[in-house]
>>> print(open('input.cif').read())   # mmCIF, C-alpha atoms
data_coords
#
loop_
_atom_site.label_atom_id
_atom_site.label_comp_id
_atom_site.auth_asym_id
_atom_site.auth_seq_id
_atom_site.Cartn_x
_atom_site.Cartn_y
_atom_site.Cartn_z
CA MET A 15 -26.78 11.49 -49.84
CA GLN A 16 -27.64 8.42 -47.73
CA GLY A 17 -30.57 8.81 -45.37
CA ALA A 18 -29.51 9.43 -41.79
CA SER A 19 -31.86 6.69 -40.55
CA SER A 20 -29.83 3.98 -42.31
CA ASN A 21 -26.82 4.81 -40.12
CA LYS A 22 -28.61 4.74 -36.82
CA ALA A 23 -27.31 2.12 -34.44
CA VAL A 24 -29.69 -0.68 -33.53
CA PRO A 25 -30.84 -0.23 -29.89
CA ALA A 26 -29.17 -2.67 -27.51
CA PHE A 27 -32.40 -4.39 -26.47
CA GLN A 28 -33.36 -4.82 -30.15
CA GLN A 29 -30.11 -6.71 -30.75
CA VAL A 30 -31.20 -9.27 -28.17
CA LYS A 31 -34.70 -9.47 -29.66
CA ASP A 32 -33.30 -9.96 -33.17
CA HIS A 33 -30.99 -12.71 -31.92
CA VAL A 34 -33.84 -14.57 -30.19
CA LEU A 35 -36.10 -14.21 -33.23
CA GLN A 36 -33.37 -15.51 -35.53
CA GLN A 37 -32.87 -18.59 -33.36
CA ILE A 38 -36.61 -19.29 -33.37
CA ARG A 39 -37.13 -18.71 -37.10
CA SER A 40 -34.12 -20.83 -38.03
CA GLY A 41 -35.48 -23.71 -35.98
CA ASP A 42 -32.45 -23.82 -33.68
CA TRP A 43 -34.80 -22.99 -30.81
CA LYS A 44 -38.00 -25.01 -31.12
CA PRO A 45 -41.41 -24.52 -29.44
CA GLY A 46 -41.12 -25.53 -25.80
CA ASP A 47 -37.30 -25.16 -25.69
CA LEU A 48 -35.73 -23.44 -22.70
CA ILE A 49 -33.72 -20.45 -23.93
CA PRO A 50 -30.56 -19.03 -22.28
CA SER A 51 -31.08 -17.22 -19.00
CA GLU A 52 -31.00 -13.44 -18.62
CA ARG A 53 -27.53 -13.74 -17.11
CA GLU A 54 -26.25 -15.80 -20.03
CA LEU A 55 -27.62 -13.26 -22.51
CA MET A 56 -26.12 -10.42 -20.46
CA LEU A 57 -22.68 -11.99 -20.74
CA GLN A 58 -23.12 -12.86 -24.42
CA PHE A 59 -24.07 -9.31 -25.42
CA SER A 60 -22.27 -7.39 -22.62
CA LEU A 61 -25.52 -5.70 -21.67
CA SER A 62 -27.27 -4.85 -18.41
CA ARG A 63 -29.96 -7.05 -16.90
CA MET A 64 -32.51 -4.27 -17.44
CA THR A 65 -31.79 -4.20 -21.18
CA VAL A 66 -32.00 -7.98 -21.58
CA ASN A 67 -35.13 -8.09 -19.43
CA ARG A 68 -36.81 -5.51 -21.68
CA ALA A 69 -36.08 -7.59 -24.79
CA LEU A 70 -37.47 -10.79 -23.26
CA ARG A 71 -40.46 -8.98 -21.79
CA GLU A 72 -41.45 -7.52 -25.16
CA LEU A 73 -41.12 -10.92 -26.84
CA THR A 74 -43.25 -12.41 -24.06
CA ASP A 75 -45.86 -9.67 -24.52
CA ASN A 76 -45.94 -10.63 -28.22
CA GLN A 77 -46.50 -14.26 -27.15
CA LEU A 78 -43.28 -15.49 -28.78
CA LEU A 79 -41.84 -16.52 -25.41
CA VAL A 80 -43.35 -17.95 -22.22
CA ARG A 81 -41.77 -17.02 -18.89
CA ILE A 82 -42.36 -19.68 -16.21
CA GLN A 83 -41.79 -18.39 -12.70
CA GLY A 84 -38.97 -20.30 -11.00
CA SER A 85 -38.18 -22.29 -14.15
CA GLY A 86 -37.02 -19.98 -16.94
CA THR A 87 -38.05 -18.63 -20.34
CA TYR A 88 -39.27 -20.93 -23.10
CA VAL A 89 -40.08 -20.59 -26.79
CA ALA A 90 -43.86 -20.30 -26.92
CA PRO A 91 -45.46 -23.42 -28.38
CA GLY A 92 -48.42 -21.38 -29.56
CA LYS A 93 -51.66 -21.01 -27.66
CA TYR A 94 -53.17 -24.34 -26.78
CA GLN A 95 -56.69 -24.62 -28.13
CA SER A 96 -59.74 -26.35 -26.76
CA THR A 97 -63.01 -26.78 -28.59
CA LEU A 98 -66.29 -25.85 -26.93
CA VAL A 99 -68.53 -27.84 -29.26
CA GLU A 100 -67.58 -31.19 -27.74
CA ILE A 101 -65.96 -32.16 -24.46
CA HIS A 102 -62.51 -33.54 -25.18
CA SER A 103 -59.90 -34.87 -22.81
CA ILE A 104 -56.98 -32.46 -22.54
CA ASP A 105 -54.38 -35.21 -23.03
CA ASP A 106 -55.89 -36.13 -26.41
CA GLU A 107 -55.91 -32.50 -27.55
CA LEU A 108 -52.31 -31.84 -26.55
CA VAL A 109 -50.92 -35.09 -27.96
CA ALA A 110 -52.79 -34.47 -31.23
CA ARG A 111 -50.91 -31.18 -31.52
CA GLY A 112 -47.57 -32.91 -31.03
CA HIS A 113 -46.99 -32.09 -27.36
CA ARG A 114 -45.86 -34.37 -24.56
CA TYR A 115 -48.54 -34.70 -21.89
CA ARG A 116 -48.27 -35.45 -18.19
CA SER A 117 -50.29 -34.69 -15.06
CA GLN A 118 -49.70 -34.00 -11.38
CA VAL A 119 -52.42 -35.14 -8.97
CA LEU A 120 -52.57 -32.76 -6.00
CA THR A 121 -55.81 -33.82 -4.30
CA LEU A 122 -57.95 -36.98 -4.45
CA GLU A 123 -60.37 -37.15 -1.55
CA ALA A 124 -63.91 -37.45 -0.24
CA SER A 125 -65.45 -34.16 0.83
CA SER A 126 -68.65 -33.04 2.56
CA ALA A 127 -67.82 -29.34 2.32
CA PRO A 128 -70.86 -27.14 1.61
CA LEU A 129 -69.22 -25.90 -1.61
CA ALA A 130 -68.81 -29.48 -2.84
CA LEU A 131 -72.43 -30.42 -2.11
CA LYS A 132 -73.76 -27.23 -3.70
CA ALA A 133 -71.72 -27.81 -6.86
CA LEU A 134 -73.48 -31.14 -7.44
CA GLY A 135 -76.89 -30.12 -6.07
CA LEU A 136 -76.76 -32.70 -3.27
CA GLU A 137 -78.06 -32.37 0.28
CA SER A 138 -75.58 -34.77 1.87
CA GLY A 139 -72.17 -36.20 1.10
CA PRO A 140 -69.52 -37.07 0.81
CA VAL A 141 -68.71 -36.31 -2.82
CA PHE A 142 -65.37 -36.90 -4.53
CA HIS A 143 -62.90 -34.05 -5.04
CA SER A 144 -59.81 -33.99 -7.24
CA VAL A 145 -57.30 -31.28 -8.10
CA ILE A 146 -54.94 -31.99 -11.02
CA VAL A 147 -52.40 -29.91 -12.95
CA HIS A 148 -52.05 -30.80 -16.64
CA PHE A 149 -48.77 -30.14 -18.45
CA ALA A 150 -47.71 -29.85 -22.09
CA ASP A 151 -43.96 -30.21 -22.66
CA ASP A 152 -43.48 -29.63 -18.90
CA ILE A 153 -45.34 -26.29 -19.10
CA PRO A 154 -48.45 -26.18 -16.86
CA ILE A 155 -51.43 -25.44 -19.06
CA GLN A 156 -54.50 -26.26 -16.97
CA LEU A 157 -55.49 -26.57 -13.30
CA GLU A 158 -58.52 -28.85 -12.95
CA ASP A 159 -60.55 -28.57 -9.73
CA ARG A 160 -63.37 -31.15 -9.93
CA TYR A 161 -66.26 -32.43 -7.81
CA THR A 162 -67.68 -35.80 -8.87
CA ASN A 163 -70.90 -37.60 -7.95
CA PRO A 164 -70.06 -40.89 -6.16
CA GLN A 165 -73.46 -42.36 -7.04
CA LEU A 166 -72.41 -42.43 -10.69
CA PHE A 167 -68.67 -43.01 -10.27
CA PRO A 168 -68.18 -45.04 -7.06
CA ALA A 169 -64.60 -46.07 -7.95
CA TYR A 170 -63.41 -42.54 -8.70
CA LEU A 171 -60.96 -42.36 -5.79
CA GLN A 172 -59.33 -45.64 -6.83
CA GLN A 173 -58.32 -44.36 -10.28
CA ASP A 174 -54.74 -43.59 -11.26
CA PHE A 175 -55.16 -40.11 -12.74
CA HIS A 176 -51.51 -40.04 -13.76
CA ARG A 177 -52.42 -42.75 -16.26
CA ILE A 178 -55.95 -41.74 -17.26
CA THR A 179 -57.71 -38.36 -17.10
CA PRO A 180 -61.01 -37.96 -15.22
CA ASN A 181 -62.74 -37.26 -18.56
CA HIS A 182 -61.54 -40.55 -20.03
CA TYR A 183 -62.59 -42.48 -16.94
CA MET A 184 -66.08 -40.97 -16.67
CA VAL A 185 -66.94 -41.38 -20.35
CA GLN A 186 -66.10 -45.09 -20.07
CA ILE A 187 -68.38 -45.53 -17.06
CA ALA A 188 -71.34 -43.30 -17.92
CA PRO A 189 -71.35 -41.20 -21.13
CA LEU A 190 -72.46 -37.63 -20.47
CA ASP A 191 -75.85 -36.44 -21.73
CA LYS A 192 -75.77 -32.68 -21.18
CA ALA A 193 -73.35 -29.90 -20.27
CA GLU A 194 -73.50 -26.24 -19.29
CA TYR A 195 -70.52 -23.93 -19.03
CA SER A 196 -69.38 -20.36 -18.59
CA ILE A 197 -66.07 -18.66 -19.41
CA GLU A 198 -64.61 -15.59 -17.74
CA SER A 199 -61.31 -13.80 -17.44
CA LYS A 200 -60.30 -13.89 -13.80
CA MET A 201 -57.22 -13.03 -11.77
CA PRO A 202 -55.95 -16.17 -10.01
CA ASP A 203 -55.15 -16.19 -6.32
CA SER A 204 -51.58 -16.84 -5.22
CA ALA A 205 -52.12 -20.61 -4.92
CA VAL A 206 -53.44 -20.99 -8.48
CA ARG A 207 -50.76 -18.66 -9.84
CA LYS A 208 -48.04 -20.72 -8.15
CA LEU A 209 -49.37 -24.04 -9.45
CA LEU A 210 -49.58 -22.68 -13.01
CA GLN A 211 -46.19 -20.95 -12.66
CA MET A 212 -47.60 -17.61 -13.83
CA GLU A 213 -46.19 -14.12 -13.60
CA ALA A 214 -47.91 -11.77 -11.15
CA GLY A 215 -50.66 -9.75 -12.83
CA GLU A 216 -51.44 -12.30 -15.57
CA PRO A 217 -55.13 -13.26 -15.83
CA CYS A 218 -56.57 -16.72 -16.28
CA LEU A 219 -59.28 -18.01 -18.57
CA LEU A 220 -61.64 -19.83 -16.20
CA LEU A 221 -64.02 -22.41 -17.67
CA SER A 222 -66.71 -23.52 -15.21
CA ARG A 223 -68.66 -26.57 -16.38
CA ARG A 224 -71.32 -28.93 -15.06
CA THR A 225 -72.33 -32.13 -16.82
CA TRP A 226 -75.27 -34.51 -16.43
CA VAL A 227 -75.88 -38.21 -16.85
CA ARG A 228 -79.62 -38.46 -17.51
CA GLN A 229 -81.17 -36.14 -14.87
CA THR A 230 -78.30 -36.35 -12.36
CA VAL A 231 -75.43 -33.89 -12.08
CA ALA A 232 -72.35 -36.00 -12.72
CA THR A 233 -69.53 -33.54 -12.17
CA ALA A 234 -68.77 -29.86 -11.63
CA VAL A 235 -65.33 -28.64 -12.62
CA SER A 236 -63.37 -25.40 -12.67
CA LEU A 237 -60.62 -25.33 -15.30
CA TRP A 238 -58.02 -22.57 -14.87
CA HIS A 239 -55.79 -21.71 -17.85
CA PRO A 240 -53.00 -19.09 -18.09
CA GLY A 241 -54.39 -16.46 -20.44
CA SER A 242 -51.13 -16.15 -22.36
CA ARG A 243 -50.97 -19.89 -23.11
CA TYR A 244 -54.53 -20.92 -23.94
CA GLN A 245 -57.51 -20.10 -26.11
CA PHE A 246 -60.93 -21.62 -26.74
CA THR A 247 -62.37 -22.25 -30.19
CA GLY A 248 -65.76 -23.35 -31.37
CA GLY A 249 -68.11 -23.65 -34.29
CA PHE A 250 -71.16 -25.39 -35.64
#
>>> encode(input="input.cif", output="structure tokens")
Amino acid sequence: MQGASSNKAVPAFQQVKDHVLQQIRSGDWKPGDLIPSERELMLQFSLSRMTVNRALRELTDNQLLVRIQGSGTYVAPGKYQSTLVEIHSIDDELVARGHRYRSQVLTLEASSAPLALKALGLESGPVFHSVIVHFADDIPIQLEDRYTNPQLFPAYLQQDFHRITPNHYMVQIAPLDKAEYSIESKMPDSAVRKLLQMEAGEPCLLLSRRTWVRQTVATAVSLWHPGSRYQFTGGF
């Protein structure tokens, strides 16, 4: 007698999951590809939105898909990695892994705000402040909020940070001598979540780093990364 379990119908949401997995494993849907919308999958399988949403949510929880608020659902390109042994420019790391890199400069200004002066250990300003979103395959992967010492980098505000990253620029001008950093899991506020196109309730990996040129603090930066899309690695 055949086992009863072999005759059980596959749950409706599992049919959608199996279809998505098949498309990914066959290579028809590649990392970074936008997959059909919930509505398209509803029509294709004649299922409710709730059922399709469950399938996509479970695949997202398993980090096989990435859901970008206001944009759609993409095949996960794998967690982007950044080494902690050396300071690398994010564009180099992403391109080396076969991704297309671009940036969006949101802020490039002089600032005398107390927070800016404290970050660099200065009594008076102004200091330079930049806020940049870094993308891999049009998926936002890092929000960089940086304060820079104008004594070391006087032409900082004149740089085209769509063409060159702050890391690349600063290393050319004054190679860094020392760095300190901390990493924590932190819930982003609504502004950070919107810029990184994250789902509500998803935490960030926040890397806070200060670097020195000789005995002078060169820059202080906060790097926000969606927890589902990024990981840090290191070794000696």
>>> closest_atom_pairs(input="input.cif", of="range 70-139 of chain A", to="range 33-57 of chain A", cutoff="6 Å", atoms="all atoms listed in the file", output="CSV")
residue,atom,partner,partner_atom,distance
A:Thr87,CA,A:Leu48,CA,5.8
A:Tyr88,CA,A:Leu48,CA,4.4
A:Val89,CA,A:Pro45,CA,4.9
A:Ala90,CA,A:Pro45,CA,5.5
A:Pro91,CA,A:Pro45,CA,4.3
>>> residues_near_point(input="input.cif", point="(-74.0, -41.1, 4.0)", cutoff="12 Å", atoms="all atoms listed in the file", output="number ranges by chain")
A: 124-126, 136-141, 164-165
>>> resolve_selection(input="input.cif", expression="the PyMOL selection byres ((chain A and resi 106) around 12)", output="list of chain:residue names")
A:Gln95, A:Ser96, A:Thr97, A:Ile101, A:His102, A:Ser103, A:Ile104, A:Asp105, A:Glu107, A:Leu108, A:Val109, A:Ala110, A:Arg111, A:Gly112, A:His113, A:Arg114, A:Tyr115, A:Arg116, A:His148, A:Ala150, A:Ile178, A:Thr179, A:Asn181, A:His182
>>> closest_residue(input="input.cif", among="A:Leu166, A:Asp151, A:Gln229, A:Pro217", to="Ile187 in chain A", atoms="only C-alpha atoms")
A:Leu166
>>> residues_around(input="input.cif", residues="Ser242 in chain A", least_positions_apart="3", cutoff="9 Å", atoms="all atoms listed in the file", output="compact mmCIF listing (two decimals) with C-alpha atoms, in the frame of the given file")
# COMPACT_ATOMS: atom_id res chain seq x y z
CA THR A 74 -43.25 -12.41 -24.06
CA ASP A 75 -45.86 -9.67 -24.52
CA GLN A 77 -46.50 -14.26 -27.15
CA VAL A 80 -43.35 -17.95 -22.22
CA LYS A 93 -51.66 -21.01 -27.66
CA GLU A 216 -51.44 -12.30 -15.57
CA PRO A 217 -55.13 -13.26 -15.83
CA CYS A 218 -56.57 -16.72 -16.28
CA HIS A 239 -55.79 -21.71 -17.85
CA GLN A 245 -57.51 -20.10 -26.11
>>> atom_distance(input="input.cif", atom1="CA of Val185 in chain A", atom2="CA of Arg243 in chain A")
26.9 Å
>>> closest_residue(input="input.cif", among="A:Leu73, A:Ile197, A:Ala188, A:Ala26", to="Arg228 in chain A", atoms="only C-alpha atoms")
A:Ala188
>>> closest_residue(input="input.cif", among="A:Pro154, A:Gly84, A:Pro128, A:Pro189", to="Leu210 in chain A", atoms="only C-alpha atoms")
A:Pro154
>>> residues_near_point(input="input.cif", point="(-38.9, -4.1, -24.2)", cutoff="12 Å", atoms="all atoms listed in the file", output="VMD selection string")
chain A and resid 25 to 31 63 to 76
>>> closest_residue(input="input.cif", among="A:Leu209, A:Leu219, A:Val227, A:Leu78", to="Gly241 in chain A", atoms="only C-alpha atoms")
A:Leu219
>>> closest_residue(input="input.cif", among="A:Leu61, A:Val147, A:Leu171, A:Met212", to="Leu237 in chain A", atoms="all atoms listed in the file")
A:Val147
>>> resolve_selection(input="input.cif", expression="the PyMOL selection byres ((chain A and resi 234) around 12)", output="PyMOL selection string")
chain A and resi 129-136+141-144+158-163+180-181+193-196+221-226+230-233+235-237
>>> write_last_selection(input="input.cif", atoms="C-alpha atoms", output="PDB file, in the frame of the given file")
ATOM      1  CA  LEU A 129     -69.220 -25.900  -1.610  1.00  0.00           C
ATOM      2  CA  ALA A 130     -68.810 -29.480  -2.840  1.00  0.00           C
ATOM      3  CA  LEU A 131     -72.430 -30.420  -2.110  1.00  0.00           C
ATOM      4  CA  LYS A 132     -73.760 -27.230  -3.700  1.00  0.00           C
ATOM      5  CA  ALA A 133     -71.720 -27.810  -6.860  1.00  0.00           C
ATOM      6  CA  LEU A 134     -73.480 -31.140  -7.440  1.00  0.00           C
ATOM      7  CA  GLY A 135     -76.890 -30.120  -6.070  1.00  0.00           C
ATOM      8  CA  LEU A 136     -76.760 -32.700  -3.270  1.00  0.00           C
ATOM      9  CA  VAL A 141     -68.710 -36.310  -2.820  1.00  0.00           C
ATOM     10  CA  PHE A 142     -65.370 -36.900  -4.530  1.00  0.00           C
ATOM     11  CA  HIS A 143     -62.900 -34.050  -5.040  1.00  0.00           C
ATOM     12  CA  SER A 144     -59.810 -33.990  -7.240  1.00  0.00           C
ATOM     13  CA  GLU A 158     -58.520 -28.850 -12.950  1.00  0.00           C
ATOM     14  CA  ASP A 159     -60.550 -28.570  -9.730  1.00  0.00           C
ATOM     15  CA  ARG A 160     -63.370 -31.150  -9.930  1.00  0.00           C
ATOM     16  CA  TYR A 161     -66.260 -32.430  -7.810  1.00  0.00           C
ATOM     17  CA  THR A 162     -67.680 -35.800  -8.870  1.00  0.00           C
ATOM     18  CA  ASN A 163     -70.900 -37.600  -7.950  1.00  0.00           C
ATOM     19  CA  PRO A 180     -61.010 -37.960 -15.220  1.00  0.00           C
ATOM     20  CA  ASN A 181     -62.740 -37.260 -18.560  1.00  0.00           C
ATOM     21  CA  ALA A 193     -73.350 -29.900 -20.270  1.00  0.00           C
ATOM     22  CA  GLU A 194     -73.500 -26.240 -19.290  1.00  0.00           C
ATOM     23  CA  TYR A 195     -70.520 -23.930 -19.030  1.00  0.00           C
ATOM     24  CA  SER A 196     -69.380 -20.360 -18.590  1.00  0.00           C
ATOM     25  CA  LEU A 221     -64.020 -22.410 -17.670  1.00  0.00           C
ATOM     26  CA  SER A 222     -66.710 -23.520 -15.210  1.00  0.00           C
ATOM     27  CA  ARG A 223     -68.660 -26.570 -16.380  1.00  0.00           C
ATOM     28  CA  ARG A 224     -71.320 -28.930 -15.060  1.00  0.00           C
ATOM     29  CA  THR A 225     -72.330 -32.130 -16.820  1.00  0.00           C
ATOM     30  CA  TRP A 226     -75.270 -34.510 -16.430  1.00  0.00           C
ATOM     31  CA  THR A 230     -78.300 -36.350 -12.360  1.00  0.00           C
ATOM     32  CA  VAL A 231     -75.430 -33.890 -12.080  1.00  0.00           C
ATOM     33  CA  ALA A 232     -72.350 -36.000 -12.720  1.00  0.00           C
ATOM     34  CA  THR A 233     -69.530 -33.540 -12.170  1.00  0.00           C
ATOM     35  CA  VAL A 235     -65.330 -28.640 -12.620  1.00  0.00           C
ATOM     36  CA  SER A 236     -63.370 -25.400 -12.670  1.00  0.00           C
ATOM     37  CA  LEU A 237     -60.620 -25.330 -15.300  1.00  0.00           C
TER      38      LEU A 237
END
>>> atom_distance(input="input.cif", atom1="CA of Pro168 in chain A", atom2="CA of Val145 in chain A")
17.6 Å
>>> residues_around(input="input.cif", residues="Glu213 in chain A", least_positions_apart="4", cutoff="9 Å", atoms="all atoms listed in the file", output="ChimeraX atom specification")
/A:81-83,207-208
>>> axis_aligned_box(input="input.cif", around="range 139-144 of chain A", padding_each_side="8 Å", output="JSON")
{"center_x": -66.0, "center_y": -35.5, "center_z": -3.1, "size_x": 28.4, "size_y": 19.1, "size_z": 24.3}
